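> So that you have it, the file is upload-v3.txt, and it contains compact mmCIF, C-alpha atoms and all ligand atoms:
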```txt
# COMPACT_ATOMS: atom_id res chain seq x y z
CA MET S 16 0.00 0.00 0.00
CA ASN S 17 1.27 3.36 -0.95
CA SER S 18 1.31 5.88 1.69
CA ALA S 19 0.23 9.13 0.25
CA PRO S 20 3.17 11.40 -0.39
CA PHE S 21 1.37 14.12 1.30
CA GLN S 22 2.45 16.15 4.20
CA LEU S 23 0.84 19.11 5.69
CA SER S 24 3.25 21.65 6.98
CA LEU S 25 2.27 24.53 9.08
CA PHE S 26 4.70 27.32 9.19
CA GLU S 27 4.25 29.37 12.22
CA ALA S 28 6.54 32.30 12.53
CA PRO S 29 8.23 32.22 15.90
CA ARG S 30 7.09 34.95 18.25
CA ALA S 31 10.40 36.73 18.03
CA ALA S 32 10.00 37.07 14.29
CA LEU S 33 6.49 38.42 14.67
CA ARG S 34 7.61 40.90 17.19
CA PRO S 35 11.17 41.98 16.60
CA LEU S 36 12.51 43.99 19.45
CA PRO S 37 15.00 46.50 18.11
CA PRO S 38 18.53 46.20 19.51
CA LYS S 39 19.26 48.41 22.46
CA ASP S 40 21.72 50.82 20.84
CA GLN S 41 19.23 51.36 18.04
CA VAL S 42 16.49 52.05 20.56
CA LEU S 43 18.64 54.62 22.33
CA ALA S 44 19.62 56.38 19.13
CA LYS S 45 16.06 56.48 17.83
CA ALA S 46 14.66 57.56 21.20
CA ASP S 47 17.17 60.37 21.32
CA HIS S 48 16.21 61.43 17.82
CA LEU S 49 12.49 61.31 18.65
CA ALA S 50 12.98 63.31 21.86
CA HIS S 51 14.86 65.98 19.91
CA ARG S 52 12.20 66.26 17.23
CA LEU S 53 9.49 66.65 19.87
CA SER S 54 11.54 69.05 21.90
CA ARG S 55 12.26 71.25 18.89
CA ASP S 56 8.62 71.24 17.91
CA LEU S 57 7.31 72.06 21.39
CA GLY S 58 10.08 74.34 22.58
CA VAL S 59 10.51 72.47 25.89
CA PRO S 60 12.91 69.74 26.97
CA VAL S 61 11.42 66.28 26.47
CA ARG S 62 12.37 63.42 28.75
CA LEU S 63 11.48 60.31 26.87
CA ALA S 64 11.20 56.74 28.13
CA VAL S 65 10.59 53.85 25.76
CA THR S 66 8.38 51.01 26.99
CA ASP S 67 7.36 47.51 26.00
CA ASN S 68 3.97 47.92 27.70
CA ARG S 69 0.97 45.82 26.90
CA SER S 70 -1.78 48.31 27.52
CA THR S 71 -0.55 51.87 27.93
CA MET S 72 1.06 52.97 24.66
CA VAL S 73 1.48 56.68 25.30
CA SER S 74 1.48 58.51 28.59
CA PHE S 75 2.91 61.80 29.70
CA ARG S 76 3.21 64.35 32.40
CA ARG S 77 3.54 68.02 31.63
CA ALA S 78 5.65 69.97 34.05
CA THR S 79 6.71 73.56 33.64
CA SER S 80 10.33 72.60 33.07
CA ALA S 81 9.93 69.58 30.84
CA LEU S 82 7.57 67.16 29.19
CA ARG S 83 7.96 63.65 30.55
CA LEU S 84 6.80 61.19 28.01
CA ARG S 85 6.59 57.41 27.87
CA VAL S 86 5.92 55.75 24.54
CA HIS S 87 5.85 52.18 23.30
CA HIS S 88 8.82 51.28 21.08
CA MET S 89 6.50 51.10 18.07
CA PHE S 90 6.70 54.91 17.99
CA LEU S 91 10.44 54.91 17.36
CA ASP S 92 9.77 54.45 13.67
CA ALA S 93 6.70 56.64 13.50
CA PRO S 94 6.28 58.84 10.42
CA GLU S 95 6.16 62.62 10.71
CA PRO S 96 2.35 63.00 11.05
CA VAL S 97 2.34 60.55 13.98
CA VAL S 98 5.22 62.34 15.70
CA GLN S 99 3.28 65.55 15.16
CA ALA S 100 0.26 63.88 16.78
CA ILE S 101 2.32 62.89 19.84
CA ALA S 102 3.46 66.51 20.18
CA ASN S 103 -0.08 67.81 19.84
CA TYR S 104 -1.55 65.23 22.20
CA ALA S 105 1.05 65.16 24.95
CA GLY S 106 2.62 68.58 24.58
CA ARG S 107 -0.35 70.74 23.64
CA GLY S 108 -3.27 68.79 25.04
CA HIS S 109 -5.09 68.54 21.71
CA ALA S 110 -7.58 65.72 22.10
CA GLY S 111 -8.05 65.71 18.31
CA ALA S 112 -4.65 64.05 17.94
CA GLY S 113 -5.92 60.94 19.74
CA PRO S 114 -7.46 59.21 16.71
CA VAL S 115 -4.20 59.55 14.73
CA LEU S 116 -2.38 57.74 17.54
CA ASP S 117 -5.17 55.15 17.87
CA ASP S 118 -4.93 54.37 14.15
CA TYR S 119 -1.18 54.00 14.32
CA ILE S 120 -1.39 51.69 17.36
CA ARG S 121 -4.12 49.58 15.76
CA GLY S 122 -1.94 48.99 12.73
CA ARG S 123 0.89 47.74 14.91
CA GLN S 124 -0.80 45.21 17.17
CA PRO S 125 1.78 42.48 16.43
CA LEU S 126 4.45 44.65 18.02
CA ILE S 127 2.57 44.63 21.30
CA ARG S 128 3.67 41.98 23.74
CA GLN S 129 1.21 39.19 24.42
CA ASP S 130 1.58 36.86 27.32
CA GLY S 131 0.18 33.70 25.82
CA ARG S 132 -2.94 33.53 27.93
CA LYS S 133 -6.35 33.99 26.49
CA ASP S 134 -7.78 37.42 27.16
CA THR S 135 -11.11 35.90 28.10
CA GLU S 136 -9.59 34.70 31.37
CA LEU S 137 -9.25 38.23 32.58
CA ASP S 138 -12.16 40.41 31.62
CA PRO S 139 -11.93 44.08 32.59
CA ARG S 140 -15.47 44.92 31.54
CA GLY S 141 -18.01 44.77 34.30
CA ARG S 142 -21.60 45.90 34.48
CA CYS S 143 -20.67 49.23 36.04
CA PHE S 144 -16.94 49.70 35.60
CA ASP S 145 -14.45 49.06 32.84
CA LEU S 146 -11.30 48.29 34.79
CA SER S 147 -8.98 48.84 31.84
CA GLN S 148 -10.19 52.44 31.66
CA VAL S 149 -9.69 52.84 35.41
CA PHE S 150 -6.23 51.29 35.11
CA ASP S 151 -5.16 53.52 32.23
CA ARG S 152 -6.37 56.66 33.98
CA VAL S 153 -4.66 55.84 37.28
CA ASN S 154 -1.52 54.75 35.43
CA ALA S 155 -1.30 58.06 33.56
CA GLU S 156 -2.18 60.26 36.53
CA GLN S 157 -0.19 58.51 39.24
CA PHE S 158 2.59 56.52 37.59
CA GLU S 159 3.34 58.27 34.30
CA GLY S 160 2.28 55.08 32.60
CA ALA S 161 5.06 53.08 34.25
CA ILE S 162 2.92 50.22 35.58
CA ASP S 163 2.66 47.29 33.23
CA ALA S 164 -0.07 44.86 34.20
CA ARG S 165 -3.26 43.27 32.99
CA ILE S 166 -6.45 43.76 34.91
CA GLY S 167 -9.83 42.09 35.22
CA TRP S 168 -12.66 41.22 37.52
CA GLY S 169 -12.13 38.28 39.80
CA ARG S 170 -14.57 35.45 40.04
CA MET S 171 -17.35 35.49 42.59
CA PRO S 172 -16.20 33.28 45.46
CA ARG S 173 -18.36 30.45 46.71
CA ARG S 174 -20.98 31.36 49.27
CA ARG S 175 -19.69 31.36 52.75
CA ARG S 176 -19.77 33.57 55.75
CA ARG S 177 -16.89 35.96 55.83
CA LYS S 178 -15.56 38.44 58.28
CA SER S 179 -13.25 40.12 55.84
CA ILE S 180 -13.00 40.59 52.16
CA ARG S 181 -10.02 41.02 49.89
CA LEU S 182 -11.00 43.64 47.39
CA GLY S 183 -8.08 43.25 45.07
CA VAL S 184 -5.11 41.04 44.43
CA TYR S 185 -1.90 41.44 42.45
CA ASP S 186 0.05 38.52 41.04
CA HIS S 187 3.71 39.39 40.55
CA GLN S 188 4.40 36.41 38.32
CA SER S 189 1.72 37.04 35.74
CA LYS S 190 1.50 40.78 36.41
CA GLU S 191 -2.23 40.52 36.80
CA ILE S 192 -4.57 42.54 38.94
CA ARG S 193 -7.90 41.06 39.90
CA VAL S 194 -10.61 43.12 41.52
CA HIS S 195 -13.39 41.62 43.63
CA PRO S 196 -16.66 41.54 41.71
CA ALA S 197 -18.51 42.88 44.77
CA LEU S 198 -17.22 46.29 43.66
CA ASP S 199 -18.94 46.13 40.30
CA ARG S 200 -22.14 47.74 41.57
CA PRO S 201 -23.77 51.12 41.06
CA GLU S 202 -23.61 51.88 44.81
CA VAL S 203 -19.83 51.75 44.74
CA PRO S 204 -18.33 55.15 43.95
CA ALA S 205 -15.80 55.33 41.12
CA PHE S 206 -13.15 56.86 43.38
CA PHE S 207 -13.20 53.77 45.55
CA VAL S 208 -12.69 51.40 42.61
CA GLU S 209 -9.86 53.67 41.49
CA PHE S 210 -8.32 53.47 44.93
CA ILE S 211 -8.38 49.66 44.97
CA VAL S 212 -6.81 49.56 41.51
CA PHE S 213 -4.22 52.13 42.62
CA HIS S 214 -3.41 49.99 45.67
CA GLU S 215 -2.86 46.86 43.55
CA MET S 216 -0.68 48.83 41.12
CA LEU S 217 1.49 49.91 44.04
CA HIS S 218 2.27 46.25 44.66
CA GLN S 219 4.19 46.18 41.38
CA LEU S 220 6.12 49.28 42.39
CA PHE S 221 6.86 48.06 45.93
CA PRO S 222 7.25 44.29 45.91
CA SER S 223 7.08 42.89 49.41
CA PRO S 224 10.49 41.77 50.64
CA SER S 225 10.13 38.22 51.84
CA ARG S 226 12.37 37.02 54.60
CA PRO S 227 12.27 33.50 55.95
CA GLY S 228 9.19 33.16 58.09
CA ARG S 229 8.18 36.74 57.66
CA ARG S 230 6.59 38.63 54.87
CA VAL S 231 5.96 42.36 54.85
CA HIS S 232 3.00 42.62 52.55
CA HIS S 233 2.91 46.40 52.54
CA PRO S 234 6.37 47.84 53.09
CA ARG S 235 6.60 51.29 54.66
CA ALA S 236 7.37 53.00 51.33
CA PHE S 237 4.22 51.38 49.96
CA ARG S 238 2.08 52.79 52.76
CA GLU S 239 3.58 56.23 52.44
CA ARG S 240 2.95 56.36 48.72
CA GLU S 241 -0.57 55.07 49.24
CA LYS S 242 -1.39 57.88 51.65
CA LYS S 243 -0.51 60.40 48.97
CA TRP S 244 -3.54 59.31 46.99
CA PRO S 245 -5.70 62.48 46.81
CA LEU S 246 -8.79 60.75 48.20
CA TYR S 247 -7.04 58.38 50.58
CA GLU S 248 -8.97 59.42 53.70
CA ALA S 249 -12.29 59.29 51.90
CA ALA S 250 -11.51 55.87 50.48
CA VAL S 251 -10.56 54.40 53.85
CA ARG S 252 -13.68 55.90 55.40
CA TRP S 253 -15.91 54.60 52.63
CA GLU S 254 -14.52 51.10 53.01
CA LYS S 255 -15.12 51.13 56.77
CA GLN S 256 -18.66 52.38 56.45
CA ASN S 257 -19.62 50.03 53.67
CA LEU S 258 -17.74 46.90 54.52
CA ARG S 259 -20.87 45.12 55.61
CA VAL S 260 -22.63 45.93 52.35
CA LEU S 261 -19.61 44.64 50.43
CA LEU S 262 -19.51 41.44 52.47
CA ARG S 263 -23.18 40.84 51.86
CA SER S 264 -22.94 41.42 48.13
CA SER S 265 -19.92 39.18 47.92
CA ARG S 266 -22.12 36.29 48.96
CA ALA S 267 -25.01 37.26 46.69
ZN ZN W 1 -2.20 45.06 49.26
```
Starting from the file, give its structure as C-alpha cells.

Amino acid sequence: MNSAPFQLSLFEAPRAALRPLPPKDQVLAKADHLAHRLSRDLGVPVRLAVTDNRSTMVSFRRATSALRLRVHHMFLDAPEPVVQAIANYAGRGHAGAGPVLDDYIRGRQPLIRQDGRKDTELDPRGRCFDLSQVFDRVNAEQFEGAIDARIGWGRMPRRRRRKSIRLGVYDHQSKEIRVHPALDRPEVPAFFVEFIVFHEMLHQLFPSPSRPGRRVHHPRAFREREKKWPLYEAAVRWEKQNLRVLLRSSRA
C-alpha cells in the first residue's frame, strides 16, 4: 500500500519574528532622535522613556520645566504625522490628535507583547466599571504610565460567611490585577474602585520583601505612597462604612 506522499506543513513564525525587538543601541539612538524632534517642535525639553507595555502605549506628564513622556517602542519608527500627533496630544493637550495615535497603534498590534494567555480569562469589563479604563487613567495620573499589568474582575467566590474581604489582588508572576466583583455595583463610587486599583498597582512598584518566616506585605514605602492618593482618607472611610454591604454582596 502506498502511503500518500502528502504532508501538511504549518509554518508558524516564531514569536520573536512576529515581534522583533530592536537592539538596544538602536532604541537609544532612535529615542534620542524622537525626543529631539518633539523638543524642537514644542520648545521644551522632552524626557522620553521607551516602553514595552501591553496596555498603555502613550502617557505623559507636563511639568513647567519639561515634558515627561513614555511611549511604546513602536513609535520609534513613526512617520512625521504621527510624531506631530504625539506633540499635539502630549505637549499641547489637543484631544483631536488621539485618533491619529489610535490608528497607528491599531496597525501595529503584532508589536505589542502578548503573554500567551487567552484574554477571556481576565475580563476588565463589568456591568458598572471598565477596569482597563480605570487602570489607564490611574496609570497616567499617578505613575506616568510606568505600571505594566493586565487587569480584570475576579470570580465570585463560593458562598460562605466571611468576616473580611479582599477587594483586590496582584500577582507578581503574571503581572495581573484582579478586583473583587462585589465592587462592580452602582452603589460603589468610582473613586473607591480607582483606589483599589491604585493599591494593587502599588504592589508592582513596591514588591514585598520576603524574609524567611516573615513577609511584609505592605512595606513602609508602599504605605507612604498610598497615603498620597488624593482621596485616601475618603476611600478608607468609605470602606469602613460600607464593609458590611460589600460582604453581603460578595455572597449574593
Ligand atoms: Zn495590598
> I'd like a table as CSV: residues in chain S with an atom no more than 7 Å from ligand ZN 1 (chain W), each row giving the shortest atom pair and its distance in Å to one decimal, all atoms listed in the file counted, sorted by chain and rising residue number.

```
residue,atom,partner,partner_atom,distance
S:Val184,CA,W:ZN1,ZN,6.9
S:His214,CA,W:ZN1,ZN,6.2
S:Glu215,CA,W:ZN1,ZN,6.0
S:His218,CA,W:ZN1,ZN,6.5
S:His232,CA,W:ZN1,ZN,6.6
S:His233,CA,W:ZN1,ZN,6.2
```
> Against range 190-208 of chain S, which residues of range 66-171 of chain S fall within 10 Å? For each one I want the closest pair of atoms and the distance in Å (one decimal), counting all atoms listed in the file, rows by chain and increasing residue number, as JSON lines.

```
{"residue": "S:Asp130", "atom": "CA", "partner": "S:Lys190", "partner_atom": "CA", "distance": 9.9}
{"residue": "S:Leu137", "atom": "CA", "partner": "S:Arg193", "partner_atom": "CA", "distance": 8.0}
{"residue": "S:Asp138", "atom": "CA", "partner": "S:Arg193", "partner_atom": "CA", "distance": 9.3}
{"residue": "S:Pro139", "atom": "CA", "partner": "S:Arg193", "partner_atom": "CA", "distance": 8.9}
{"residue": "S:Arg140", "atom": "CA", "partner": "S:Asp199", "partner_atom": "CA", "distance": 9.5}
{"residue": "S:Gly141", "atom": "CA", "partner": "S:Asp199", "partner_atom": "CA", "distance": 6.2}
{"residue": "S:Arg142", "atom": "CA", "partner": "S:Asp199", "partner_atom": "CA", "distance": 6.4}
{"residue": "S:Cys143", "atom": "CA", "partner": "S:Asp199", "partner_atom": "CA", "distance": 5.5}
{"residue": "S:Phe144", "atom": "CA", "partner": "S:Asp199", "partner_atom": "CA", "distance": 6.2}
{"residue": "S:Asp145", "atom": "CA", "partner": "S:Asp199", "partner_atom": "CA", "distance": 9.2}
{"residue": "S:Leu146", "atom": "CA", "partner": "S:Val194", "partner_atom": "CA", "distance": 8.5}
{"residue": "S:Val149", "atom": "CA", "partner": "S:Val208", "partner_atom": "CA", "distance": 7.9}
{"residue": "S:Phe150", "atom": "CA", "partner": "S:Ile192", "partner_atom": "CA", "distance": 9.7}
{"residue": "S:Ile162", "atom": "CA", "partner": "S:Lys190", "partner_atom": "CA", "distance": 9.6}
{"residue": "S:Asp163", "atom": "CA", "partner": "S:Lys190", "partner_atom": "CA", "distance": 7.3}
{"residue": "S:Ala164", "atom": "CA", "partner": "S:Lys190", "partner_atom": "CA", "distance": 4.9}
{"residue": "S:Arg165", "atom": "CA", "partner": "S:Glu191", "partner_atom": "CA", "distance": 4.8}
{"residue": "S:Ile166", "atom": "CA", "partner": "S:Ile192", "partner_atom": "CA", "distance": 4.6}
{"residue": "S:Gly167", "atom": "CA", "partner": "S:Arg193", "partner_atom": "CA", "distance": 5.2}
{"residue": "S:Trp168", "atom": "CA", "partner": "S:Val194", "partner_atom": "CA", "distance": 4.9}
{"residue": "S:Gly169", "atom": "CA", "partner": "S:Arg193", "partner_atom": "CA", "distance": 5.1}
{"residue": "S:Arg170", "atom": "CA", "partner": "S:Pro196", "partner_atom": "CA", "distance": 6.7}
{"residue": "S:Met171", "atom": "CA", "partner": "S:Pro196", "partner_atom": "CA", "distance": 6.2}
```
> For the atom pair CA of Ile101 in chain S and CA of His88 in chain S, what is the interatomic distance in Å to one decimal place?
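So the answer is 13.4 Å.
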> For a quick check of understanding, using only C-alpha atoms, which of S:Phe213, S:Tyr119, S:Gly106, S:Val153 has the smallest distance to Pro94 in chain S?
S:Tyr119
> I'd like the contact shell of Leu82 in chain S - 6 Å cut-off, all atoms listed in the file, skipping same-chain residues fewer than 4 positions apart - returned as a list in words.
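The neighbour list is Val61, Arg77 and Ala78 of chain S.
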> Mind pulling up the distance from CA of Met216 in chain S to CA of Tyr185 in chain S?
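One can read the CA of Tyr185 in chain S to CA of Met216 in chain S distance as 7.6 Å.
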> By how many Å are CA of Met72 in chain S and CA of His87 in chain S apart?
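So the two atoms, CA of Met72 in chain S and CA of His87 in chain S, lie 5.0 Å apart.
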> Closest to Leu262 in chain S among S:Ala44, S:Val97, S:Ile180, S:Pro114, using only C-alpha atoms?
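For Leu262 in chain S, the nearest of the candidates is S:Ile180.
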> With only C-alpha atoms as the basis for distance, which of S:Ala105, S:Val98, S:Met89, S:Ala110 is at the shortest distance from Gln124 in chain S?
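Nearest candidate to Gln124 in chain S out of S:Ala105, S:Val98, S:Met89, S:Ala110: S:Met89.
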